[in-house]
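target.json (JSON, C-alpha atoms)
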```json
[["chain", "number", "residue", "atom", "x", "y", "z"],
["K", 228, "MET", "CA", 0.00, 0.00, 0.00],
["K", 229, "LYS", "CA", 2.82, 2.41, 0.82],
["K", 230, "LYS", "CA", 4.42, 1.73, -2.58],
["K", 231, "LEU", "CA", 1.20, 2.61, -4.41],
["K", 232, "SER", "CA", 0.82, 5.81, -2.38],
["K", 233, "ALA", "CA", 4.33, 6.89, -3.33],
["K", 234, "ARG", "CA", 3.53, 6.58, -7.04],
["K", 235, "ARG", "CA", 0.31, 8.59, -6.86],
["K", 236, "ARG", "CA", 0.66, 11.98, -8.74],
["K", 237, "HIS", "CA", 0.11, 15.32, -7.11],
["K", 238, "PRO", "CA", -3.41, 16.76, -7.85],
["K", 239, "LEU", "CA", -1.90, 19.82, -9.61],
["K", 240, "ALA", "CA", 0.49, 17.83, -11.81],
["K", 241, "ALA", "CA", -1.96, 17.66, -14.74],
["K", 242, "VAL", "CA", -2.51, 21.42, -14.57],
["K", 243, "VAL", "CA", 1.24, 22.06, -14.65],
["K", 244, "VAL", "CA", 1.68, 19.77, -17.66],
["K", 245, "LEU", "CA", -1.17, 21.54, -19.49],
["K", 246, "LEU", "CA", 0.34, 24.98, -18.81],
["K", 247, "LEU", "CA", 3.74, 23.83, -20.04],
["K", 248, "ALA", "CA", 2.16, 22.50, -23.25],
["K", 249, "LEU", "CA", 0.32, 25.78, -23.85],
["K", 250, "ALA", "CA", 3.49, 27.78, -23.22],
["K", 251, "ALA", "CA", 5.43, 25.62, -25.65],
["K", 252, "THR", "CA", 2.70, 26.01, -28.28],
["K", 253, "GLY", "CA", 2.66, 29.79, -27.75],
["K", 254, "GLY", "CA", 6.40, 29.94, -28.04],
["K", 255, "LEU", "CA", 6.34, 28.06, -31.29],
["K", 256, "TYR", "CA", 3.61, 30.38, -32.66],
["K", 257, "THR", "CA", 5.57, 33.43, -31.62],
["K", 258, "ALA", "CA", 8.69, 32.05, -33.22],
["K", 259, "PHE", "CA", 7.19, 30.98, -36.54],
["K", 260, "ALA", "CA", 3.82, 32.75, -37.16],
["K", 261, "PRO", "CA", 5.14, 36.31, -37.69],
["K", 262, "ALA", "CA", 7.80, 35.04, -40.05],
["K", 263, "SER", "CA", 5.21, 33.03, -41.97],
["K", 264, "LYS", "CA", 2.88, 36.03, -42.14],
["K", 265, "ALA", "CA", 5.66, 38.34, -43.35],
["K", 266, "LYS", "CA", 6.71, 35.75, -45.92],
["K", 267, "ALA", "CA", 3.12, 35.47, -47.17],
["K", 268, "GLU", "CA", 2.85, 39.25, -47.48],
["K", 269, "ASP", "CA", 6.14, 39.43, -49.38],
["K", 270, "THR", "CA", 4.95, 36.68, -51.72],
["K", 271, "ALA", "CA", 1.65, 38.48, -52.36],
["K", 272, "GLN", "CA", 3.48, 41.76, -53.04],
["K", 273, "SER", "CA", 5.88, 40.00, -55.40],
["K", 274, "LEU", "CA", 2.95, 38.49, -57.32],
["K", 275, "THR", "CA", 1.28, 41.92, -57.53],
["K", 276, "ILE", "CA", 4.48, 43.47, -58.91],
["K", 277, "GLU", "CA", 4.89, 40.59, -61.38],
["K", 278, "GLN", "CA", 1.32, 41.04, -62.66],
["K", 279, "GLY", "CA", 1.90, 44.79, -62.88],
["K", 280, "LYS", "CA", 5.06, 44.22, -64.91],
["K", 281, "LYS", "CA", 3.10, 42.14, -67.44],
["K", 282, "LEU", "CA", 0.48, 44.87, -67.79],
["K", 283, "TYR", "CA", 3.23, 47.47, -68.11],
["K", 284, "GLU", "CA", 5.02, 45.59, -70.89],
["K", 285, "VAL", "CA", 1.80, 45.44, -72.92],
["K", 286, "GLY", "CA", 0.40, 48.94, -72.36],
["K", 287, "CYS", "CA", 3.25, 51.23, -71.27],
["K", 288, "ALA", "CA", 6.69, 49.99, -72.31],
["K", 289, "SER", "CA", 6.44, 51.21, -75.90],
["K", 290, "CYS", "CA", 6.55, 54.84, -74.69],
["K", 291, "HIS", "CA", 8.19, 54.66, -71.25],
["K", 292, "GLY", "CA", 10.81, 52.00, -71.95],
["K", 293, "THR", "CA", 11.02, 48.36, -70.91],
["K", 294, "GLY", "CA", 12.45, 49.31, -67.51],
["K", 295, "GLY", "CA", 10.60, 52.60, -67.05],
["K", 296, "GLN", "CA", 13.68, 54.59, -67.99],
["K", 297, "GLY", "CA", 11.75, 56.67, -70.51],
["K", 298, "THR", "CA", 12.10, 57.25, -74.25],
["K", 299, "THR", "CA", 11.64, 60.11, -76.69],
["K", 300, "ASP", "CA", 7.91, 59.33, -76.60],
["K", 301, "GLY", "CA", 7.47, 59.24, -72.84],
["K", 302, "PRO", "CA", 9.19, 60.38, -69.63],
["K", 303, "SER", "CA", 11.00, 58.17, -67.13],
["K", 304, "LEU", "CA", 8.78, 56.57, -64.49],
["K", 305, "VAL", "CA", 11.59, 55.85, -62.04],
["K", 306, "GLY", "CA", 10.70, 57.58, -58.77],
["K", 307, "VAL", "CA", 7.25, 58.88, -59.78],
["K", 308, "GLY", "CA", 5.63, 56.57, -57.23],
["K", 309, "ALA", "CA", 2.37, 54.66, -57.06],
["K", 310, "ALA", "CA", 0.27, 57.82, -56.62],
["K", 311, "ALA", "CA", 1.24, 59.11, -60.07],
["K", 312, "VAL", "CA", 0.17, 55.83, -61.69],
["K", 313, "ASP", "CA", -3.10, 55.73, -59.76],
["K", 314, "PHE", "CA", -3.90, 59.26, -60.92],
["K", 315, "GLN", "CA", -2.83, 58.99, -64.56],
["K", 316, "VAL", "CA", -4.32, 55.56, -65.23],
["K", 317, "GLY", "CA", -7.26, 56.00, -62.86],
["K", 318, "THR", "CA", -8.44, 59.11, -64.75],
["K", 319, "GLY", "CA", -7.93, 57.53, -68.18],
["K", 320, "ARG", "CA", -5.11, 59.87, -69.18],
["K", 321, "MET", "CA", -2.83, 56.88, -69.54],
["K", 322, "PRO", "CA", -2.28, 55.00, -71.74],
["K", 323, "ALA", "CA", -2.29, 58.04, -74.03],
["K", 324, "GLN", "CA", -4.01, 57.76, -77.40],
["K", 325, "GLN", "CA", -1.51, 60.05, -79.11],
["K", 326, "PRO", "CA", 1.18, 62.56, -78.15],
["K", 327, "GLY", "CA", 0.18, 66.19, -77.81],
["K", 328, "ALA", "CA", 0.50, 69.36, -75.78],
["K", 329, "GLN", "CA", -1.56, 67.77, -73.02],
["K", 330, "VAL", "CA", -3.16, 64.37, -72.48],
["K", 331, "PRO", "CA", -6.90, 64.77, -71.77],
["K", 332, "LYS", "CA", -9.03, 62.77, -69.36],
["K", 333, "LYS", "CA", -10.88, 59.88, -71.01],
["K", 334, "LYS", "CA", -12.57, 56.57, -70.26],
["K", 335, "VAL", "CA", -10.62, 54.31, -67.91],
["K", 336, "ILE", "CA", -9.65, 51.01, -69.56],
["K", 337, "TYR", "CA", -8.11, 49.23, -66.55],
["K", 338, "SER", "CA", -9.87, 47.86, -63.47],
["K", 339, "GLN", "CA", -8.84, 49.19, -60.07],
["K", 340, "ALA", "CA", -7.11, 45.89, -59.31],
["K", 341, "GLU", "CA", -5.04, 46.23, -62.49],
["K", 342, "ILE", "CA", -4.24, 49.86, -61.67],
["K", 343, "ASP", "CA", -3.01, 48.74, -58.24],
["K", 344, "GLN", "CA", -0.77, 46.15, -59.91],
["K", 345, "LEU", "CA", 0.67, 48.71, -62.33],
["K", 346, "ALA", "CA", 1.23, 51.13, -59.45],
["K", 347, "ALA", "CA", 3.04, 48.45, -57.43],
["K", 348, "TYR", "CA", 5.38, 47.68, -60.34],
["K", 349, "VAL", "CA", 6.21, 51.34, -61.03],
["K", 350, "ALA", "CA", 6.73, 51.93, -57.30],
["K", 351, "SER", "CA", 9.26, 49.07, -57.30],
["K", 352, "LEU", "CA", 11.37, 50.99, -59.85],
["K", 353, "GLY", "CA", 12.11, 53.80, -57.38],
["K", 354, "ALA", "CA", 10.72, 55.44, -54.26],
["K", 355, "GLY", "CA", 7.95, 58.01, -54.80],
["K", 356, "PRO", "CA", 4.61, 59.22, -53.39],
["K", 357, "ALA", "CA", 2.35, 56.37, -52.26],
["K", 358, "VAL", "CA", -1.36, 56.13, -53.01],
["K", 359, "PRO", "CA", -3.14, 58.10, -50.25],
["K", 360, "THR", "CA", -5.63, 56.47, -47.90],
["K", 361, "LYS", "CA", -9.20, 57.69, -47.45],
["K", 362, "ASN", "CA", -8.18, 59.33, -44.18],
["K", 363, "ASP", "CA", -5.58, 61.40, -46.07],
["K", 364, "TYR", "CA", -8.02, 63.05, -48.50],
["K", 365, "SER", "CA", -11.36, 62.92, -46.69],
["K", 366, "PRO", "CA", -12.66, 66.53, -46.32],
["K", 367, "GLU", "CA", -14.39, 65.68, -43.04],
["K", 368, "GLY", "CA", -13.47, 68.23, -40.37],
["K", 369, "ALA", "CA", -11.48, 70.38, -42.81],
["K", 370, "ASP", "CA", -11.46, 74.20, -42.81],
["K", 371, "ILE", "CA", -13.36, 75.27, -45.95],
["K", 372, "ALA", "CA", -12.50, 78.95, -45.58],
["K", 373, "LYS", "CA", -8.79, 78.15, -45.24],
["K", 374, "GLY", "CA", -9.07, 75.86, -48.24],
["K", 375, "GLY", "CA", -10.56, 78.69, -50.30],
["K", 376, "GLU", "CA", -7.70, 80.98, -49.32],
["K", 377, "LEU", "CA", -5.11, 78.35, -50.25],
["K", 378, "PHE", "CA", -6.83, 77.55, -53.54],
["K", 379, "ARG", "CA", -7.05, 81.20, -54.61],
["K", 380, "THR", "CA", -3.38, 81.69, -53.73],
["K", 381, "ASN", "CA", -1.95, 78.55, -55.33],
["K", 382, "CYS", "CA", -4.43, 77.23, -57.90],
["K", 383, "ALA", "CA", -6.86, 79.88, -59.16],
["K", 384, "GLN", "CA", -4.37, 81.35, -61.63],
["K", 385, "CYS", "CA", -4.88, 78.26, -63.81],
["K", 386, "HIS", "CA", -8.01, 76.50, -62.57],
["K", 387, "ASN", "CA", -10.20, 79.59, -62.01],
["K", 388, "PHE", "CA", -11.34, 80.60, -58.53],
["K", 389, "VAL", "CA", -13.98, 77.84, -58.32],
["K", 390, "GLY", "CA", -12.03, 75.16, -60.22],
["K", 391, "LYS", "CA", -13.76, 75.49, -63.61],
["K", 392, "GLY", "CA", -10.42, 75.29, -65.44],
["K", 393, "GLY", "CA", -8.93, 77.54, -68.08],
["K", 394, "ALA", "CA", -6.69, 77.81, -71.13],
["K", 395, "LEU", "CA", -2.90, 77.94, -70.88],
["K", 396, "THR", "CA", -0.22, 78.52, -73.51],
["K", 397, "HIS", "CA", 0.67, 76.38, -76.55],
["K", 398, "GLY", "CA", -2.50, 74.28, -76.50],
["K", 399, "LYS", "CA", -2.26, 73.38, -72.82],
["K", 400, "PHE", "CA", -5.09, 73.83, -70.34],
["K", 401, "ALA", "CA", -6.01, 73.52, -66.68],
["K", 402, "PRO", "CA", -8.82, 70.96, -66.42],
["K", 403, "ASP", "CA", -12.20, 71.47, -64.79],
["K", 404, "LEU", "CA", -12.10, 70.10, -61.22],
["K", 405, "GLU", "CA", -15.84, 69.57, -60.85],
["K", 406, "ASN", "CA", -16.78, 65.91, -60.22],
["K", 407, "VAL", "CA", -13.11, 64.92, -59.79],
["K", 408, "SER", "CA", -12.74, 62.47, -56.90],
["K", 409, "PRO", "CA", -11.01, 63.74, -53.73],
["K", 410, "LYS", "CA", -8.39, 60.99, -54.07],
["K", 411, "HIS", "CA", -7.39, 62.12, -57.55],
["K", 412, "ILE", "CA", -7.28, 65.79, -56.48],
["K", 413, "TYR", "CA", -4.99, 64.83, -53.60],
["K", 414, "GLU", "CA", -2.77, 62.74, -55.90],
["K", 415, "ALA", "CA", -2.56, 65.60, -58.41],
["K", 416, "MET", "CA", -1.33, 67.93, -55.67],
["K", 417, "GLN", "CA", 1.19, 65.29, -54.56],
["K", 418, "THR", "CA", 2.60, 64.42, -57.95],
["K", 419, "GLY", "CA", 2.09, 67.51, -60.16],
["K", 420, "PRO", "CA", 0.83, 65.84, -63.36],
["K", 421, "GLN", "CA", 1.73, 67.34, -66.75],
["K", 422, "ASN", "CA", 1.76, 71.17, -66.47],
["K", 423, "MET", "CA", 0.82, 71.33, -62.79],
["K", 424, "PRO", "CA", 3.46, 71.98, -60.10],
["K", 425, "SER", "CA", 3.69, 69.42, -57.30],
["K", 426, "PHE", "CA", 2.81, 70.23, -53.68],
["K", 427, "PRO", "CA", 4.47, 67.59, -51.47],
["K", 428, "ASP", "CA", 3.83, 67.54, -47.72],
["K", 429, "THR", "CA", 6.96, 69.63, -47.19],
["K", 430, "THR", "CA", 5.39, 72.41, -49.30],
["K", 431, "MET", "CA", 1.70, 71.95, -48.52],
["K", 432, "THR", "CA", 0.71, 69.88, -45.50],
["K", 433, "GLU", "CA", -1.79, 67.02, -45.60],
["K", 434, "LYS", "CA", -4.22, 69.21, -43.62],
["K", 435, "ASN", "CA", -3.95, 72.01, -46.19],
["K", 436, "LYS", "CA", -4.66, 69.58, -49.03],
["K", 437, "LYS", "CA", -7.78, 68.39, -47.22],
["K", 438, "ASP", "CA", -8.86, 72.01, -46.74],
["K", 439, "ILE", "CA", -8.58, 72.63, -50.50],
["K", 440, "ILE", "CA", -10.57, 69.49, -51.29],
["K", 441, "ALA", "CA", -13.27, 70.58, -48.84],
["K", 442, "TYR", "CA", -13.43, 74.01, -50.52],
["K", 443, "LEU", "CA", -13.84, 72.50, -53.98],
["K", 444, "ASN", "CA", -16.57, 70.20, -52.70],
["K", 445, "ALA", "CA", -18.34, 73.19, -51.17],
["K", 446, "VAL", "CA", -18.26, 75.49, -54.22],
["K", 447, "ASN", "CA", -19.14, 72.74, -56.71],
["K", 448, "GLY", "CA", -21.58, 70.72, -54.60],
["K", 449, "ASP", "CA", -25.22, 70.11, -55.47],
["K", 450, "ASP", "CA", -26.35, 72.29, -52.57],
["K", 451, "THR", "CA", -24.15, 75.24, -53.47],
["K", 452, "VAL", "CA", -26.00, 78.58, -53.55],
["K", 453, "THR", "CA", -24.85, 81.49, -55.74],
["K", 454, "PRO", "CA", -25.95, 84.66, -53.93],
["K", 455, "GLY", "CA", -24.71, 86.89, -56.75],
["K", 456, "GLY", "CA", -27.27, 85.53, -59.22],
["K", 457, "TYR", "CA", -26.48, 83.83, -62.53],
["K", 458, "GLU", "CA", -22.85, 82.71, -62.39],
["K", 459, "LEU", "CA", -22.27, 82.51, -66.18],
["K", 460, "GLY", "CA", -20.57, 79.16, -65.77],
["K", 461, "GLY", "CA", -18.30, 80.40, -63.01],
["K", 462, "LEU", "CA", -15.61, 81.15, -65.60],
["K", 463, "GLY", "CA", -14.71, 84.55, -64.21],
["K", 464, "PRO", "CA", -14.02, 87.88, -65.96],
["K", 465, "VAL", "CA", -13.76, 86.44, -69.50],
["K", 466, "SER", "CA", -17.34, 85.19, -69.65],
["K", 467, "GLU", "CA", -18.60, 88.18, -67.67],
["K", 468, "GLY", "CA", -16.85, 90.62, -70.00],
["K", 469, "LEU", "CA", -18.17, 88.82, -73.07],
["K", 470, "PHE", "CA", -21.69, 88.95, -71.64],
["K", 471, "ALA", "CA", -21.33, 92.68, -70.94],
["K", 472, "TRP", "CA", -20.07, 93.42, -74.47],
["K", 473, "VAL", "CA", -22.61, 91.30, -76.35],
["K", 474, "PHE", "CA", -25.73, 92.00, -74.33],
["K", 475, "GLY", "CA", -24.91, 95.25, -72.53],
["K", 476, "LEU", "CA", -23.37, 97.08, -75.46],
["K", 477, "GLY", "CA", -25.91, 95.49, -77.81],
["K", 478, "ALA", "CA", -28.74, 96.85, -75.69],
["K", 479, "LEU", "CA", -27.17, 100.34, -75.70],
["K", 480, "ILE", "CA", -26.86, 100.27, -79.51],
["K", 481, "ALA", "CA", -30.49, 99.15, -79.83],
["K", 482, "VAL", "CA", -31.64, 102.03, -77.57],
["K", 483, "ALA", "CA", -29.53, 104.53, -79.54],
["K", 484, "VAL", "CA", -31.05, 103.36, -82.85],
["K", 485, "TRP", "CA", -34.56, 103.56, -81.41],
["K", 486, "VAL", "CA", -33.96, 107.11, -80.08],
["K", 487, "ALA", "CA", -32.50, 108.23, -83.43],
["K", 488, "ALA", "CA", -35.46, 106.78, -85.33],
["K", 489, "ARG", "CA", -37.95, 108.47, -83.02],
["K", 490, "THR", "CA", -36.12, 111.78, -83.34],
["K", 491, "ALA", "CA", -36.06, 111.63, -87.15],
["K", 492, "LYS", "CA", -39.75, 110.77, -87.24],
["K", 493, "ALA", "CA", -40.57, 113.68, -84.90],
["K", 494, "LYS", "CA", -38.66, 116.15, -87.12],
["K", 495, "LYS", "CA", -40.51, 115.01, -90.26],
["K", 496, "SER", "CA", -43.85, 115.49, -88.62]]
```
Exercise: express the given structure as structure tokens:
Amino acid sequence: MKKLSARRRHPLAAVVVLLLALAATGGLYTAFAPASKAKAEDTAQSLTIEQGKKLYEVGCASCHGTGGQGTTDGPSLVGVGAAAVDFQVGTGRMPAQQPGAQVPKKKVIYSQAEIDQLAAYVASLGAGPAVPTKNDYSPEGADIAKGGELFRTNCAQCHNFVGKGGALTHGKFAPDLENVSPKHIYEAMQTGPQNMPSFPDTTMTEKNKKDIIAYLNAVNGDDTVTPGGYELGGLGPVSEGLFAWVFGLGALIAVAVWVAARTAKAKKS
């Protein structure tokens, strides 16, 4: 009986064994899971870049070079970043139909997944601005008045004071910003497409960009009220001056002719 009692296990022995097993399992997970997760992410990114390279070779390499180094028909893409690709391809400007003073916006021919793949490949060629997140460009909580001040100071010279666009030199133009998505407006400020200067965070902060986006949403929104009456397209002094010359001066000429006719008739009688 004493021998059997000596072999009997302590009541807490099973609990200790279970805890040791759990600790060992946790240690193995800690040792191997993060590495496996990182490896899986690297593999997925590599596949995305590989798919983007295939799309690039078909639709972009003829102008921008097989390695993005650029040719006489297209600039280098090394260092432009994913944001530039997302803007240019996401607005249909690229691939371009033909060379010209400026590439216009047109129908998008790639899906967003394909655009992401192209952006990943171009980003792998050299560091550049990344595609912004929704939190970066969302106008929620932005200062609309400050955005208007910034827009009139930095953008109105080309885009008009409410973003209706305008003509530039040698066939170039500043596009209309109405109905342009906040993400693409943000990316345009980041990357400076075509004739537009770039406004990186060191020049214009993320908060300032959001303020400008909020201002454009406010002046071009469906609920926007024009207290000054008919806005003549919001094109500024050109359209207003044309209206004044055609209708204002025309009305004055008509009144002068009427007065002269009445005067001549009165003299005859």
For Ala369 in chain K, find every residue with an atom within 7 Å (counting all atoms listed in the file), except residues of its own chain fewer than 5 positions away, and show them as a PyMOL selection string. chain K and resi 437-438+441
Suppose you want the space between CA of Gly327 in chain K and CA of Lys391 in chain K; what is it in Å?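 So the two atoms, CA of Gly327 in chain K and CA of Lys391 in chain K, lie 22.0 Å apart.
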Atomic distance CA of Gly353 in chain K - CA of Ala288 in chain K, expressed in Å with one decimal: 16.3 Å
In Å, how far is it from CA of His386 in chain K to CA of Ile439 in chain K? 12.7 Å
Let me make sure I understand: among K:Gln417, K:Ser263, K:Gln296, K:Gln344, which one has the smallest atom-to-atom distance to Ala357 in chain K if we use all atoms listed in the file? K:Gln417
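Taking only C-alpha atoms into account, Asp343 in chain K lies nearest to K:Lys280 out of the set K:Arg320, K:Lys280, K:Lys266, K:Lys434.
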Nearest to Pro409 in chain K, chosen from K:Ala478, K:Leu443, K:Cys385, K:Leu282, with only C-alpha atoms counted in the distances: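 Closest to Pro409 in chain K, using only C-alpha atoms: K:Leu443.
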Per residue of range 337-382 of chain K within 8 Å of range 297-312 of chain K, which atom pair is closest and at what distance in Å (one decimal), using all atoms listed in the file, listed by chain and increasing number, as CSV?
```
residue,atom,partner,partner_atom,distance
K:Ile342,CA,K:Val312,CA,7.4
K:Leu345,CA,K:Val312,CA,7.2
K:Ala346,CA,K:Ala309,CA,4.4
K:Ala347,CA,K:Ala309,CA,6.3
K:Val349,CA,K:Ala309,CA,6.4
K:Ala350,CA,K:Gly308,CA,4.8
K:Leu352,CA,K:Val305,CA,5.3
K:Gly353,CA,K:Gly306,CA,4.3
K:Ala354,CA,K:Gly306,CA,5.0
K:Gly355,CA,K:Gly308,CA,3.7
K:Pro356,CA,K:Gly308,CA,4.8
K:Ala357,CA,K:Ala310,CA,5.0
K:Val358,CA,K:Ala310,CA,4.3
K:Pro359,CA,K:Ala310,CA,7.2
```
Using all atoms listed in the file: which of K:Ile336, K:Ala401, K:Leu274, K:Ala483 has the shortest distance to Pro424 in chain K: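 Smallest separation from Pro424 in chain K among the options: K:Ala401.
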Work out where the centre of an axis-aligned box around every listed atom of range 475-482 of chain K lies and how long its edges are once 3 Å is added on each side; give both in Å to one decimal as AutoDock Vina command-line options.
```
--center_x -27.5 --center_y 98.6 --center_z -76.2 --size_x 14.3 --size_y 12.8 --size_z 13.3
```
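The residue that comes closest to Asn362 in chain K, out of K:Gly292, K:Val482, K:Lys410, K:Leu476 and on the basis of all atoms listed in the file, is K:Lys410.
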With distances taken over all atoms listed in the file, which of K:Ile371, K:Ala271, K:Ala328, K:Ile412 is nearest to Asp313 in chain K?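 Using all atoms listed in the file, the shortest distance to Asp313 in chain K belongs to K:Ile412.
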